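As structure tokens, the structure follows; a few thoughts come after it.
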Amino acid sequence: MAWKSALNIGAFSLILSLEAVAAGSFLIPAEALNSPANSVQRPSRPQLPLNWQTVQPPEPSGNRPNSQQLRAAWNNFQPPEDGVPGRREGGGTRGLECPTATTALTALIPQSTMGQTISATPTFFYYLPVALDKTVQFELADERDKTLYKKSFRMVTSRAGIVSVSLGSDGNSPALEVGKNYQWYFTIKCNPKNTTDDVLVSGWINRTALAPTVKIELDRSPDSRAKLSIFAQQGLWYEYLATLAQLRMESPSDASLALKWLEVLNSVELGNIAQQPLVTSELTPITKK
């Protein structure tokens with residue numbers, strides 16, 4: 001399969017960061033910038049089975065899930081066999097345009113590359129292995145890989161770390177529909193003159209609806225901490241990660257939250273970046289001239 005290169009874009013009002021998550025913004029994580037052997041291309045657009053159905057999440061157990069239970073919950077949702085597989089780690093070239101790093105650009109998503117959400121405008125997280133001042137692009141596509149949304153913006157960070165991007169910060173972004181599966185692509189434009197130097201990560205997201213009893217339980221939860229166990233029991237990766245990241249930003253010295261962060265990243269084999277800081281990013285929309 002051939003990978004699609006660049007993502008054309010309009011203005012993306014994503015002025016986000018992990019503080020933006022606290023305000024309802026969208027964060028961006030991803031696997032980093034430096035595989036010397038791989039040039040990144042986006043895959044072609046195969047069609048998915050029309051009757052493909054998402055596996056239903058496990059019923060709530062009432063207990064705090066352990067790492068093994070978390071692993072099962074997050075990876076309970078698999079992209080279809082005929083679909084384009086996601087890519088958690090970014091491939092690309094080493095060189096002056098994209099600094100080298102020991103860890104690649106990484107998307108914070110389950111190993112299956114499929115994550116569930118109940119939000120119409122979820123937040124995505126990415127790990128940047130180096131400080132960044134580059135053009136990045138975000139694209140959302142439907143099950144048949146038809147582009148629904150593309151935005152381009154300049155991202156600036158002061159250091160390496162985990163950043164976030166939210167669809168909710170842009171009034172022009174589409175609302176995810178319940179029961180539908182989407183593909184997303186996050187690209188760093190290492191060299192504006194050569195798209196073969198792009199570094200790209202991708203994944204799948206499915207928006208689901210909560211059972212009435214679970215929704216009542218969630219609405220009655222006294223605070224965000226109480227909601228975490230419900231998100232885990234329901235396999236809601238995007239809600240769990242965004243809520244936990246917000247809590248960590250609000251209480252950076254809370255050891256119990258740091259442990260939860262370590263547990264959830266270990267459960268999807270991303271423990272190698274669990275100690276990386278949550279970093280504020282400056283995002284400036286790029287408008288075509």
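Ordering of the structure tokens sets the chain letters (A, B, ...); residue numbers start at 1 within each chain; ligands are numbered from 1 in the order shown.
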Env of Glu139 of chain A: 8 Å cut, atoms = only C-alpha atoms, seq-sep filter 5 positions within chain, self excluded. Answer as an MDAnalysis selection string. chainID A and resid 7 147:151 184:186
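For the pair atom CA of Pro85 of chain A and atom CA of Leu270 of chain A, the separation is 18.2 Å.
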Å distance separating atom CA of Glu269 of chain A from atom CA of Gln246 of chain A, one decimal place: 21.6 Å
List every residue of segment 178-285 of chain A that DSSP, applied to the backbone, labels as helix (DSSP H, G or I), and write the result as a VMD selection string. chain A and resid 195 to 197 212 to 220 224 to 233 237 to 250 255 to 267 271 to 273
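If you measure from each of A:Phe153, A:Arg71, A:Ala209, A:Tyr182 to Ala141 of chain A using only C-alpha atoms, the closest one turns out to be A:Tyr182.
Every protein or nucleic acid residue with an atom no more than 10 Å from Trp261 of chain A, counting only C-alpha atoms and leaving out same-chain residues fewer than 2 positions away, appears here: Tyr240, Leu241, Leu244, Ala245, Arg248, Ala255, Ser256, Leu257, Ala258, Leu259, Glu263, Val264, Leu265, Asn266, Ser267, Gly271, Ala274 and Gln275 of chain A.
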So that I have them on file, write out the residues from the current selection with C-alpha atoms, as a PDB file, in the first residue's frame.
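result-v6.pdb written:
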```pdb
ATOM      1  CA  TYR A 240      -9.586   8.204  30.290  1.00  0.00           C
ATOM      2  CA  LEU A 241      -6.375   9.720  28.948  1.00  0.00           C
ATOM      3  CA  LEU A 244      -6.132  11.800  33.707  1.00  0.00           C
ATOM      4  CA  ALA A 245      -3.887  14.299  31.892  1.00  0.00           C
ATOM      5  CA  ARG A 248      -2.129  15.587  36.491  1.00  0.00           C
ATOM      6  CA  ALA A 255       1.812  10.409  43.328  1.00  0.00           C
ATOM      7  CA  SER A 256      -1.407   8.416  42.893  1.00  0.00           C
ATOM      8  CA  LEU A 257      -2.148  10.174  39.606  1.00  0.00           C
ATOM      9  CA  ALA A 258       1.412   9.598  38.410  1.00  0.00           C
ATOM     10  CA  LEU A 259       0.965   5.910  39.185  1.00  0.00           C
ATOM     11  CA  GLU A 263      -0.231   1.985  34.687  1.00  0.00           C
ATOM     12  CA  VAL A 264      -2.273   3.045  31.670  1.00  0.00           C
ATOM     13  CA  LEU A 265       0.760   3.604  29.432  1.00  0.00           C
ATOM     14  CA  ASN A 266       2.313   0.318  30.567  1.00  0.00           C
ATOM     15  CA  SER A 267      -0.951  -1.438  29.721  1.00  0.00           C
ATOM     16  CA  GLY A 271       5.847   2.601  29.465  1.00  0.00           C
ATOM     17  CA  ALA A 274       5.477   7.333  30.868  1.00  0.00           C
ATOM     18  CA  GLN A 275       8.002   9.576  32.623  1.00  0.00           C
TER      19      GLN A 275
END
```
Please, which residues of segment 117-211 of chain A, numbered as in this document, come out strand (DSSP E or B) from DSSP, as a ChimeraX atom specification? /A:117,123-128,133-141,147-156,161-166,181-189,199-207
Emit the selected residues as a PDB file, in the first residue's frame, including C-alpha atoms.
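Contents of out01.pdb, freshly written:
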```pdb
ATOM      1  CA  THR A 117     -14.671   7.749  22.724  1.00  0.00           C
ATOM      2  CA  THR A 123      -8.643  15.099  22.310  1.00  0.00           C
ATOM      3  CA  PHE A 124      -5.564  13.327  20.909  1.00  0.00           C
ATOM      4  CA  PHE A 125      -2.164  12.962  22.599  1.00  0.00           C
ATOM      5  CA  TYR A 126       1.296  12.624  21.101  1.00  0.00           C
ATOM      6  CA  TYR A 127       4.833  12.297  22.379  1.00  0.00           C
ATOM      7  CA  LEU A 128       7.329  14.622  20.691  1.00  0.00           C
ATOM      8  CA  ASP A 133       8.974  24.428  15.663  1.00  0.00           C
ATOM      9  CA  LYS A 134       7.412  22.928  12.535  1.00  0.00           C
ATOM     10  CA  THR A 135       4.279  22.816  10.454  1.00  0.00           C
ATOM     11  CA  VAL A 136       2.029  19.933  11.456  1.00  0.00           C
ATOM     12  CA  GLN A 137      -1.137  18.613   9.841  1.00  0.00           C
ATOM     13  CA  PHE A 138      -4.163  16.787  11.224  1.00  0.00           C
ATOM     14  CA  GLU A 139      -6.566  14.859   9.016  1.00  0.00           C
ATOM     15  CA  LEU A 140      -9.752  12.977   9.818  1.00  0.00           C
ATOM     16  CA  ALA A 141     -11.176  10.448   7.334  1.00  0.00           C
ATOM     17  CA  THR A 147     -11.060  12.953   3.957  1.00  0.00           C
ATOM     18  CA  LEU A 148     -13.604  14.748   6.144  1.00  0.00           C
ATOM     19  CA  TYR A 149     -11.349  17.334   7.749  1.00  0.00           C
ATOM     20  CA  LYS A 150      -7.822  18.708   7.258  1.00  0.00           C
ATOM     21  CA  LYS A 151      -6.025  21.427   9.143  1.00  0.00           C
ATOM     22  CA  SER A 152      -2.464  22.710   9.142  1.00  0.00           C
ATOM     23  CA  PHE A 153      -0.762  24.790  11.821  1.00  0.00           C
ATOM     24  CA  ARG A 154       2.600  25.734  13.229  1.00  0.00           C
ATOM     25  CA  MET A 155       3.450  23.901  16.440  1.00  0.00           C
ATOM     26  CA  VAL A 156       6.064  25.272  18.819  1.00  0.00           C
ATOM     27  CA  GLY A 161       7.236  15.818  25.926  1.00  0.00           C
ATOM     28  CA  ILE A 162       3.586  14.872  25.548  1.00  0.00           C
ATOM     29  CA  VAL A 163       1.296  17.389  23.864  1.00  0.00           C
ATOM     30  CA  SER A 164      -2.374  17.406  22.945  1.00  0.00           C
ATOM     31  CA  VAL A 165      -4.744  18.567  20.153  1.00  0.00           C
ATOM     32  CA  SER A 166      -8.536  18.926  20.348  1.00  0.00           C
ATOM     33  CA  ASN A 181     -15.333   4.554  12.762  1.00  0.00           C
ATOM     34  CA  TYR A 182     -12.826   7.141  11.660  1.00  0.00           C
ATOM     35  CA  GLN A 183      -9.178   7.228  10.728  1.00  0.00           C
ATOM     36  CA  TRP A 184      -6.926  10.096  11.784  1.00  0.00           C
ATOM     37  CA  TYR A 185      -3.479  11.151  10.578  1.00  0.00           C
ATOM     38  CA  PHE A 186      -0.999  13.440  12.329  1.00  0.00           C
ATOM     39  CA  THR A 187       1.964  14.591  10.238  1.00  0.00           C
ATOM     40  CA  ILE A 188       5.047  16.657  11.015  1.00  0.00           C
ATOM     41  CA  LYS A 189       6.343  18.483   7.950  1.00  0.00           C
ATOM     42  CA  VAL A 199       6.908  12.005   9.793  1.00  0.00           C
ATOM     43  CA  LEU A 200       3.440  10.520  10.250  1.00  0.00           C
ATOM     44  CA  VAL A 201       1.462   8.587  12.839  1.00  0.00           C
ATOM     45  CA  SER A 202      -2.111   7.359  12.413  1.00  0.00           C
ATOM     46  CA  GLY A 203      -4.864   5.466  14.164  1.00  0.00           C
ATOM     47  CA  TRP A 204      -8.557   4.632  14.382  1.00  0.00           C
ATOM     48  CA  ILE A 205     -11.263   6.091  16.583  1.00  0.00           C
ATOM     49  CA  ASN A 206     -14.837   4.952  17.157  1.00  0.00           C
ATOM     50  CA  ARG A 207     -17.535   7.011  18.833  1.00  0.00           C
TER      51      ARG A 207
END
```
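Distance-wise, atom CA of Arg144 of chain A and atom CA of Pro79 of chain A end up 12.4 Å apart.
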